[in-house]
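The next block is upload01.tsv, given as TSV, C-alpha atoms.
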```
chain	number	residue	atom	x	y	z
A	1	MET	CA	122.39	102.26	174.92
A	2	SER	CA	125.77	100.93	176.10
A	3	LEU	CA	126.84	97.31	175.84
A	4	ASN	CA	126.71	97.01	179.63
A	5	GLU	CA	123.02	97.77	179.60
A	6	VAL	CA	120.19	95.49	178.63
A	7	SER	CA	119.71	95.67	174.86
A	8	LYS	CA	116.96	94.36	172.67
A	9	GLU	CA	116.97	94.37	168.87
A	10	THR	CA	113.26	93.77	168.37
A	11	SER	CA	110.27	93.08	170.54
A	12	ASN	CA	110.42	89.39	169.53
A	13	GLU	CA	114.01	88.81	170.61
A	14	PRO	CA	115.18	88.17	174.17
A	15	ALA	CA	116.99	91.01	175.88
A	16	CYS	CA	120.74	90.60	176.38
A	17	VAL	CA	122.59	91.49	179.56
A	18	HIS	CA	126.26	91.05	180.39
A	19	SER	CA	127.33	88.75	183.19
A	20	ASP	CA	128.43	90.75	186.22
A	21	THR	CA	131.30	88.35	186.88
A	22	PHE	CA	132.30	86.68	183.64
A	23	TYR	CA	132.46	89.32	180.93
A	24	PHE	CA	136.17	89.88	180.38
A	25	PRO	CA	137.26	92.64	177.97
A	26	ASN	CA	140.03	90.39	176.65
A	27	GLY	CA	137.77	87.37	176.29
A	28	ASP	CA	137.79	85.82	172.82
A	29	ILE	CA	134.46	83.95	172.90
A	30	VAL	CA	130.97	84.97	174.01
A	31	LEU	CA	128.54	82.42	175.39
A	32	SER	CA	124.86	83.26	175.72
A	33	ALA	CA	122.50	81.42	178.05
A	34	PRO	CA	118.85	82.05	178.93
A	35	ARG	CA	117.93	83.43	182.33
A	36	GLY	CA	115.10	81.45	183.88
A	37	GLU	CA	112.59	79.17	182.22
A	38	ASN	CA	110.86	81.80	180.07
A	39	ALA	CA	114.14	82.85	178.43
A	40	THR	CA	113.00	86.47	178.10
A	41	THR	CA	116.59	87.53	178.83
A	42	LYS	CA	119.89	86.13	177.64
A	43	GLU	CA	122.95	86.49	179.79
A	44	MET	CA	126.20	87.04	177.88
A	45	PHE	CA	129.51	85.60	179.11
A	46	ARG	CA	132.70	86.85	177.47
A	47	VAL	CA	135.32	84.31	178.44
A	48	HIS	CA	138.44	82.62	177.06
A	49	MET	CA	138.48	79.78	174.55
A	50	PHE	CA	141.61	78.23	176.05
A	51	MET	CA	139.94	77.91	179.45
A	52	LEU	CA	136.91	76.09	178.08
A	53	ALA	CA	138.89	73.98	175.59
A	54	HIS	CA	141.42	72.98	178.25
A	55	HIS	CA	138.76	71.52	180.51
A	56	SER	CA	136.15	70.29	178.04
A	57	PRO	CA	136.67	68.12	174.92
A	58	VAL	CA	133.18	69.17	173.82
A	59	PHE	CA	134.14	72.85	173.73
A	60	SER	CA	137.55	71.96	172.28
A	61	ASP	CA	135.94	70.15	169.34
A	62	MET	CA	133.42	72.95	168.94
A	63	PHE	CA	136.13	75.58	168.64
A	64	ALA	CA	138.30	73.39	166.41
A	65	CYS	CA	135.57	73.13	163.79
A	66	SER	CA	134.27	76.66	164.25
A	67	ASP	CA	134.87	77.57	160.62
A	68	ALA	CA	132.46	74.89	159.48
A	69	ASP	CA	130.00	75.34	162.33
A	70	SER	CA	127.42	78.00	161.59
A	71	SER	CA	126.49	78.22	165.28
A	72	ILE	CA	129.79	79.95	166.03
A	73	ASN	CA	129.91	82.23	162.96
A	74	ASP	CA	127.69	84.79	164.67
A	75	LYS	CA	129.38	87.69	166.40
A	76	TYR	CA	128.61	89.66	169.54
A	77	ASP	CA	130.61	92.66	170.68
A	78	GLY	CA	133.28	91.74	168.13
A	79	ALA	CA	133.79	88.17	169.39
A	80	PRO	CA	132.45	84.81	168.14
A	81	LEU	CA	129.10	83.97	169.71
A	82	VAL	CA	127.93	80.53	170.87
A	83	GLU	CA	124.32	80.26	171.97
A	84	LEU	CA	123.75	77.66	174.67
A	85	SER	CA	120.49	76.26	176.01
A	86	ASP	CA	121.91	75.91	179.53
A	87	ASN	CA	120.54	77.93	182.41
A	88	ALA	CA	122.57	81.10	182.93
A	89	GLN	CA	122.84	80.60	186.69
A	90	GLU	CA	124.19	77.08	186.24
A	91	LEU	CA	126.69	78.32	183.65
A	92	THR	CA	127.81	81.02	186.08
A	93	GLU	CA	128.41	78.37	188.75
A	94	LEU	CA	130.42	76.23	186.33
A	95	LEU	CA	132.57	79.14	185.19
A	96	ARG	CA	133.18	80.17	188.80
A	97	ILE	CA	134.67	76.76	189.54
A	98	LEU	CA	136.75	76.70	186.33
A	99	TYR	CA	138.18	80.17	186.91
A	100	HIS	CA	138.40	79.89	190.69
A	101	PRO	CA	139.02	76.21	191.65
A	102	ASP	CA	139.22	77.12	195.34
A	103	THR	CA	135.43	77.54	195.15
A	104	LEU	CA	135.23	73.77	195.57
A	105	LEU	CA	136.62	74.08	199.09
A	106	SER	CA	133.62	76.06	200.27
A	107	LEU	CA	130.90	73.88	198.74
A	108	ASN	CA	130.74	71.44	201.64
A	109	LYS	CA	130.84	74.05	204.42
A	110	TYR	CA	127.19	73.23	205.08
A	111	PRO	CA	126.46	69.69	203.84
A	112	ALA	CA	122.69	70.32	203.85
A	113	ASP	CA	123.16	72.66	200.87
A	114	VAL	CA	125.58	70.51	198.85
A	115	PRO	CA	122.99	69.04	196.42
A	116	ILE	CA	121.67	72.50	195.59
A	117	LEU	CA	125.12	74.04	195.21
A	118	ILE	CA	126.59	71.33	192.99
A	119	ARG	CA	123.56	70.44	190.87
A	120	GLY	CA	124.22	73.04	188.17
A	121	PRO	CA	127.98	72.59	187.76
A	122	LEU	CA	127.65	68.81	188.05
A	123	ARG	CA	125.01	68.65	185.34
A	124	LEU	CA	127.08	70.83	183.00
A	125	ALA	CA	130.31	69.00	183.83
A	126	SER	CA	128.57	65.80	182.73
A	127	LYS	CA	127.15	67.40	179.58
A	128	TYR	CA	130.46	68.95	178.48
A	129	GLN	CA	132.56	65.97	179.59
A	130	ILE	CA	134.64	67.84	182.16
A	131	GLU	CA	135.51	64.56	183.84
A	132	PRO	CA	137.94	65.71	186.59
A	133	LEU	CA	135.38	68.23	187.83
A	134	ARG	CA	132.52	65.77	187.54
A	135	GLU	CA	134.45	63.16	189.52
A	136	ARG	CA	135.35	65.71	192.19
A	137	LEU	CA	131.74	66.88	192.59
A	138	VAL	CA	130.41	63.31	192.70
A	139	GLU	CA	133.03	62.46	195.32
A	140	LEU	CA	131.98	65.49	197.36
A	141	PHE	CA	128.34	64.43	197.12
A	142	LEU	CA	129.01	60.80	198.02
A	143	HIS	CA	131.21	61.81	200.94
A	144	SER	CA	128.25	63.56	202.57
A	145	TRP	CA	126.37	60.29	203.08
A	146	PRO	CA	127.26	57.16	205.08
A	147	LYS	CA	127.89	53.99	203.10
A	148	THR	CA	128.05	51.61	206.05
A	149	LEU	CA	126.15	51.16	209.28
A	150	THR	CA	129.28	52.15	211.22
A	151	GLU	CA	129.47	55.43	209.29
A	152	PHE	CA	125.75	55.97	209.88
A	153	ASP	CA	126.15	55.49	213.63
A	154	SER	CA	129.07	57.93	213.68
A	155	ALA	CA	126.98	60.53	211.83
A	156	GLU	CA	124.08	60.05	214.25
A	157	LYS	CA	126.39	60.50	217.23
A	158	ALA	CA	127.84	63.65	215.66
A	159	PHE	CA	124.33	65.03	215.14
A	160	ARG	CA	123.36	64.40	218.77
A	161	GLU	CA	126.51	66.17	219.95
A	162	LYS	CA	125.92	69.07	217.55
A	163	ALA	CA	122.30	69.43	218.67
A	164	PHE	CA	123.37	69.50	222.33
A	165	HIS	CA	125.97	72.17	221.53
A	166	HIS	CA	123.27	74.30	219.88
A	167	GLN	CA	120.96	73.72	222.82
A	168	VAL	CA	123.58	75.05	225.24
A	169	HIS	CA	125.15	77.81	223.16
A	170	GLY	CA	122.51	78.73	220.57
A	171	ASP	CA	120.03	81.58	220.49
A	172	ARG	CA	116.33	81.24	221.36
A	173	GLN	CA	115.79	79.17	218.22
A	174	PHE	CA	118.92	77.11	218.97
A	175	ARG	CA	120.86	78.68	216.11
A	176	ILE	CA	124.54	79.53	216.04
A	177	ASN	CA	125.58	82.08	213.40
A	178	ASP	CA	122.05	81.84	211.96
A	179	ARG	CA	122.48	78.10	211.38
A	180	PHE	CA	120.63	75.18	212.93
A	181	ALA	CA	122.37	72.00	214.01
A	182	GLU	CA	120.93	70.09	211.07
A	183	ASP	CA	122.58	72.45	208.57
A	184	SER	CA	125.89	70.71	209.26
A	185	PHE	CA	124.45	67.41	208.02
A	186	PRO	CA	123.15	66.29	204.62
A	187	GLU	CA	119.50	66.95	203.72
A	188	PRO	CA	117.80	63.91	202.17
A	189	ALA	CA	115.10	65.15	199.78
A	190	SER	CA	117.35	67.32	197.61
A	191	ALA	CA	120.01	64.60	197.74
A	192	ILE	CA	117.55	61.99	196.45
A	193	GLN	CA	116.44	64.19	193.56
A	194	LEU	CA	120.01	64.93	192.50
A	195	ALA	CA	121.09	61.30	192.86
A	196	ARG	CA	118.21	60.08	190.72
A	197	GLU	CA	118.63	62.80	188.13
A	198	LEU	CA	122.34	62.05	187.58
A	199	ASP	CA	122.31	58.34	188.52
A	200	ILE	CA	124.47	58.61	191.64
A	201	ARG	CA	122.90	55.69	193.45
A	202	GLY	CA	125.38	55.36	196.30
A	203	VAL	CA	123.62	57.94	198.49
A	204	LEU	CA	120.08	56.63	198.03
A	205	PRO	CA	119.76	53.95	200.78
A	206	ALA	CA	120.91	56.25	203.58
A	207	ALA	CA	119.07	59.26	202.13
A	208	PHE	CA	115.73	57.45	201.85
A	209	TYR	CA	116.06	56.02	205.36
A	210	SER	CA	116.86	59.46	206.73
A	211	LEU	CA	113.92	61.02	204.90
A	212	ALA	CA	111.51	58.33	206.12
A	213	ARG	CA	112.13	59.48	209.71
A	214	ILE	CA	111.07	63.07	209.00
A	215	PRO	CA	107.39	64.18	209.21
A	216	PHE	CA	105.91	65.76	206.09
A	217	ASP	CA	105.17	68.90	208.11
A	218	ASN	CA	108.85	69.31	208.96
A	219	ASP	CA	109.68	71.31	205.85
A	220	ARG	CA	113.01	73.11	205.50
A	221	GLU	CA	111.26	76.29	204.35
A	222	THR	CA	109.37	76.57	207.66
A	223	ARG	CA	112.20	75.41	209.94
A	224	HIS	CA	112.12	78.71	211.86
A	225	LYS	CA	108.59	77.84	213.06
A	226	LEU	CA	109.70	74.55	214.63
A	227	TYR	CA	111.13	74.55	218.15
A	228	GLY	CA	113.89	72.25	219.26
A	229	PRO	CA	117.66	71.80	218.81
A	230	ALA	CA	117.47	68.26	217.40
A	231	ILE	CA	114.63	68.75	214.92
A	232	ARG	CA	115.27	67.44	211.41
A	233	THR	CA	113.58	68.87	208.34
A	234	ALA	CA	113.60	68.13	204.63
A	235	ARG	CA	113.06	70.00	201.38
A	236	TRP	CA	109.92	67.98	200.71
A	237	CYS	CA	108.89	70.23	197.82
A	238	MET	CA	111.94	69.07	195.84
A	239	LEU	CA	110.87	65.42	195.93
A	240	ASP	CA	108.80	64.18	192.99
A	241	LEU	CA	105.74	61.93	193.19
A	242	GLU	CA	107.67	58.70	192.74
A	243	GLY	CA	110.03	59.73	195.51
A	244	HIS	CA	107.10	60.27	197.87
A	245	ARG	CA	105.77	56.82	196.97
A	246	GLN	CA	109.12	55.24	197.72
A	247	VAL	CA	109.20	56.91	201.14
A	248	ILE	CA	105.70	55.65	202.00
A	249	ARG	CA	106.45	52.11	200.81
A	250	GLY	CA	109.71	52.09	202.73
A	251	ARG	CA	108.01	53.22	205.95
A	252	GLU	CA	105.47	50.42	205.63
A	253	LYS	CA	108.13	47.78	205.04
A	254	LEU	CA	110.18	49.01	207.99
A	255	MET	CA	107.16	48.77	210.27
A	256	PHE	CA	106.23	45.24	209.13
A	257	TRP	CA	109.85	44.11	209.39
A	258	LEU	CA	110.06	45.46	212.93
A	259	LEU	CA	106.77	43.84	213.98
A	260	GLY	CA	107.69	40.57	212.29
A	261	GLU	CA	111.29	39.49	211.93
A	262	ALA	CA	112.82	41.80	214.53
A	263	MET	CA	110.24	41.16	217.26
A	264	GLN	CA	110.32	37.42	216.67
A	265	SER	CA	114.13	37.27	216.76
A	266	LEU	CA	114.33	39.28	219.99
A	267	GLN	CA	111.64	37.27	221.76
A	268	THR	CA	113.18	33.98	220.62
A	269	ALA	CA	116.58	35.07	221.91
A	270	CYS	CA	115.04	36.10	225.21
A	271	ARG	CA	113.06	32.90	225.70
A	272	SER	CA	116.13	30.77	224.91
A	273	VAL	CA	117.90	31.89	228.09
A	274	CYS	CA	115.21	33.40	230.30
A	275	ARG	CA	113.62	31.49	233.17
A	276	THR	CA	110.88	34.04	233.75
A	277	THR	CA	107.72	34.76	231.78
A	278	THR	CA	107.95	38.54	231.85
A	279	CYS	CA	111.02	39.48	229.77
A	280	ALA	CA	109.81	38.50	226.30
A	281	PRO	CA	106.41	40.24	226.65
A	282	GLN	CA	108.23	43.39	227.81
A	283	LEU	CA	110.24	43.44	224.60
A	284	ALA	CA	107.08	43.08	222.52
A	285	GLU	CA	105.37	45.88	224.43
A	286	PHE	CA	108.43	48.11	224.04
A	287	ILE	CA	108.49	47.74	220.25
A	288	ALA	CA	104.72	48.11	219.93
A	289	ALA	CA	104.76	51.25	222.08
A	290	GLU	CA	107.50	52.77	219.91
A	291	ILE	CA	105.38	52.15	216.81
A	292	LEU	CA	102.29	53.71	218.41
A	293	ASP	CA	104.21	56.69	219.78
A	294	ASN	CA	105.62	57.38	216.32
A	295	GLU	CA	102.20	56.97	214.64
A	296	ALA	CA	103.56	53.92	212.78
A	297	ILE	CA	105.11	56.05	210.04
A	298	LEU	CA	108.11	57.81	211.53
A	299	LEU	CA	109.91	54.75	212.79
A	300	ASP	CA	113.64	54.72	213.33
A	301	PRO	CA	114.39	51.00	213.74
A	302	LEU	CA	118.15	51.55	213.72
A	303	HIS	CA	117.79	53.84	216.73
A	304	LEU	CA	115.22	51.62	218.44
A	305	LEU	CA	117.37	48.50	218.11
A	306	GLY	CA	120.43	50.60	218.89
A	307	MET	CA	119.05	51.16	222.38
A	308	LEU	CA	119.21	47.37	222.82
A	309	ASP	CA	122.75	47.14	221.42
A	310	ASN	CA	125.52	48.13	223.84
A	311	SER	CA	127.94	48.92	221.01
A	312	THR	CA	126.00	52.02	219.88
A	313	GLY	CA	126.39	53.98	223.11
A	314	LEU	CA	122.67	54.85	223.17
A	315	GLU	CA	120.80	54.97	226.46
A	316	ARG	CA	119.04	51.73	227.33
A	317	PRO	CA	115.25	51.73	227.49
A	318	ASP	CA	113.59	51.37	230.87
A	319	LEU	CA	113.00	47.62	230.70
A	320	GLU	CA	113.25	45.24	233.64
A	321	LEU	CA	114.90	42.37	231.81
A	322	CYS	CA	116.95	39.77	233.60
A	323	GLU	CA	120.71	39.82	233.07
A	324	SER	CA	120.65	36.77	230.80
A	325	CYS	CA	118.02	38.34	228.56
A	326	TRP	CA	119.89	41.65	228.30
A	327	LYS	CA	123.05	39.84	227.25
A	328	GLU	CA	121.26	37.75	224.63
A	329	VAL	CA	119.19	40.67	223.31
A	330	CYS	CA	122.34	42.78	222.91
A	331	GLN	CA	123.94	40.03	220.84
A	332	VAL	CA	120.89	39.79	218.57
A	333	ALA	CA	120.19	43.52	218.20
A	334	GLY	CA	123.48	44.21	216.39
A	335	PRO	CA	122.91	41.70	213.56
A	336	LEU	CA	119.30	42.88	213.23
A	337	ARG	CA	120.50	46.44	212.70
A	338	GLN	CA	122.95	45.24	210.08
A	339	ALA	CA	120.12	43.31	208.40
A	340	ILE	CA	118.04	46.49	208.18
A	341	TRP	CA	120.93	48.39	206.64
A	342	SER	CA	121.53	45.65	204.08
A	343	GLU	CA	117.86	45.52	203.10
A	344	LEU	CA	117.33	49.29	202.67
A	345	PRO	CA	117.68	49.11	198.84
A	346	GLU	CA	114.89	46.52	198.70
A	347	MET	CA	112.70	48.27	201.27
A	348	PHE	CA	112.77	51.55	199.33
A	349	SER	CA	112.52	49.90	195.89
A	350	LEU	CA	116.00	50.97	194.81
A	351	GLU	CA	116.95	47.71	193.13
```
Take the structure from the file and write it as structure tokens.
Amino acid sequence: MSLNEVSKETSNEPACVHSDTFYFPNGDIVLSAPRGENATTKEMFRVHMFMLAHHSPVFSDMFACSDADSSINDKYDGAPLVELSDNAQELTELLRILYHPDTLLSLNKYPADVPILIRGPLRLASKYQIEPLRERLVELFLHSWPKTLTEFDSAEKAFREKAFHHQVHGDRQFRINDRFAEDSFPEPASAIQLARELDIRGVLPAAFYSLARIPFDNDRETRHKLYGPAIRTARWCMLDLEGHRQVIRGREKLMFWLLGEAMQSLQTACRSVCRTTTCAPQLAEFIAAEILDNEAILLDPLHLLGMLDNSTGLERPDLELCESCWKEVCQVAGPLRQAIWSELPEMFSLE
């Protein structure tokens, strides 16, 4: 059996197969990594010590003390062998970036896939202390998510414009080049899992708020069964139990905040300038109707209050408020939206 074929010394040892991409004839070190969780096959990577040592102090130290380290005294195909516990696919992704840095440029082509694409290399960059790569991947991840309410509003406007473009120019499922409008925007469930796993907390407030607006039935795996250009889905299966609990608690707090503080502030502002008795009740009915229409769990308070805030550019709701009330409500809605944004960490138990 040739070295390019799967080989197996005994029935108790995992089979070995060469990497299709990273098995260089002139490589001077062989790394082995298990394929999949069962580790019934080891993938062999014949690469270059200088490449690994240049980027990683962990590998550099490993190679420097190789004479005293029994783990590197083994040989495979005539080269020193290092057996790693890392997933072979993740190691492939890391090596691809190290050998072909331009790979980084394509990772954010579709922001919805960024957490999945960078998880492996980011985890290994952290483990092997490849700090420049880790910082670049974290920056790429953070850049996908808004940090301020202004950035959030800009992203929402971009999504509405993208969805309209797909509605006009897309196929029967509103796809363009086999992609939905939402593929150009970050997906929250996978982002939350990655952020929690590697302690990248900056994305969590916006990601949890975005996820709280998406029905559980809107799963990314069944997106093709859902009809509409502006539909949002999530990779719900990637979210763990605690993540689901945080979403539910956050939805409840958003609803109570809207029914309490927001409604009271809007009605108080209205009554302070209004000479009629109809404006304030209309506001209360508008908010209550939004809660009922969204089954009290899929609220989007930033959008709801944005319709009362002229600065967002959203279409006004069909309310017959007097001019004085509209002016006062618009002045109050903006600060209320900012208050929601500021309180997202507390609402979703992130602090």
Original post:
Of the candidates A:Ser56, A:Thr276, A:Ser342, A:Thr148, which shows the shortest atom-to-atom distance to A:Glu320, using only C-alpha atoms?
Top reply: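 Result for the nearest residue to A:Glu320: A:Thr276.
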Hey, what's within 10 Å of A:Arg136 if we count only C-alpha atoms and toss same-chain stuff fewer than 5 positions away? As a PDB file with C-alpha atoms, in the frame of the given file, please?
```pdb
ATOM      1  CA  LEU A 104     135.230  73.770 195.570  1.00  0.00           C
ATOM      2  CA  LEU A 122     127.650  68.810 188.050  1.00  0.00           C
ATOM      3  CA  GLU A 131     135.510  64.560 183.840  1.00  0.00           C
ATOM      4  CA  PHE A 141     128.340  64.430 197.120  1.00  0.00           C
ATOM      5  CA  LEU A 142     129.010  60.800 198.020  1.00  0.00           C
TER       6      LEU A 142
END
```
**OP:** Would you mind telling me which residue in A:Asp318, A:Phe174, A:Gly36, A:Ala125 lies nearest to A:Leu226 when using all atoms listed in the file?
**Re:** A:Phe174
Subject >> Radius query 12 Å about (123.7, 38.1, 222.6), atoms used: only C-alpha atoms, as a PyMOL selection string >> reply: chain A and resi 265-266+268-270+272-273+308-311+323-336
Subject >> Interatomic distance, atom CA of A:Leu254 to atom CA of A:Met307 (Å, one decimal) >> reply: 17.0 Å
Original post:
Which distance in Å separates atom CA of A:Leu95 and atom CA of A:Glu139, to one decimal?
Top reply: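 The value is 19.5 Å.
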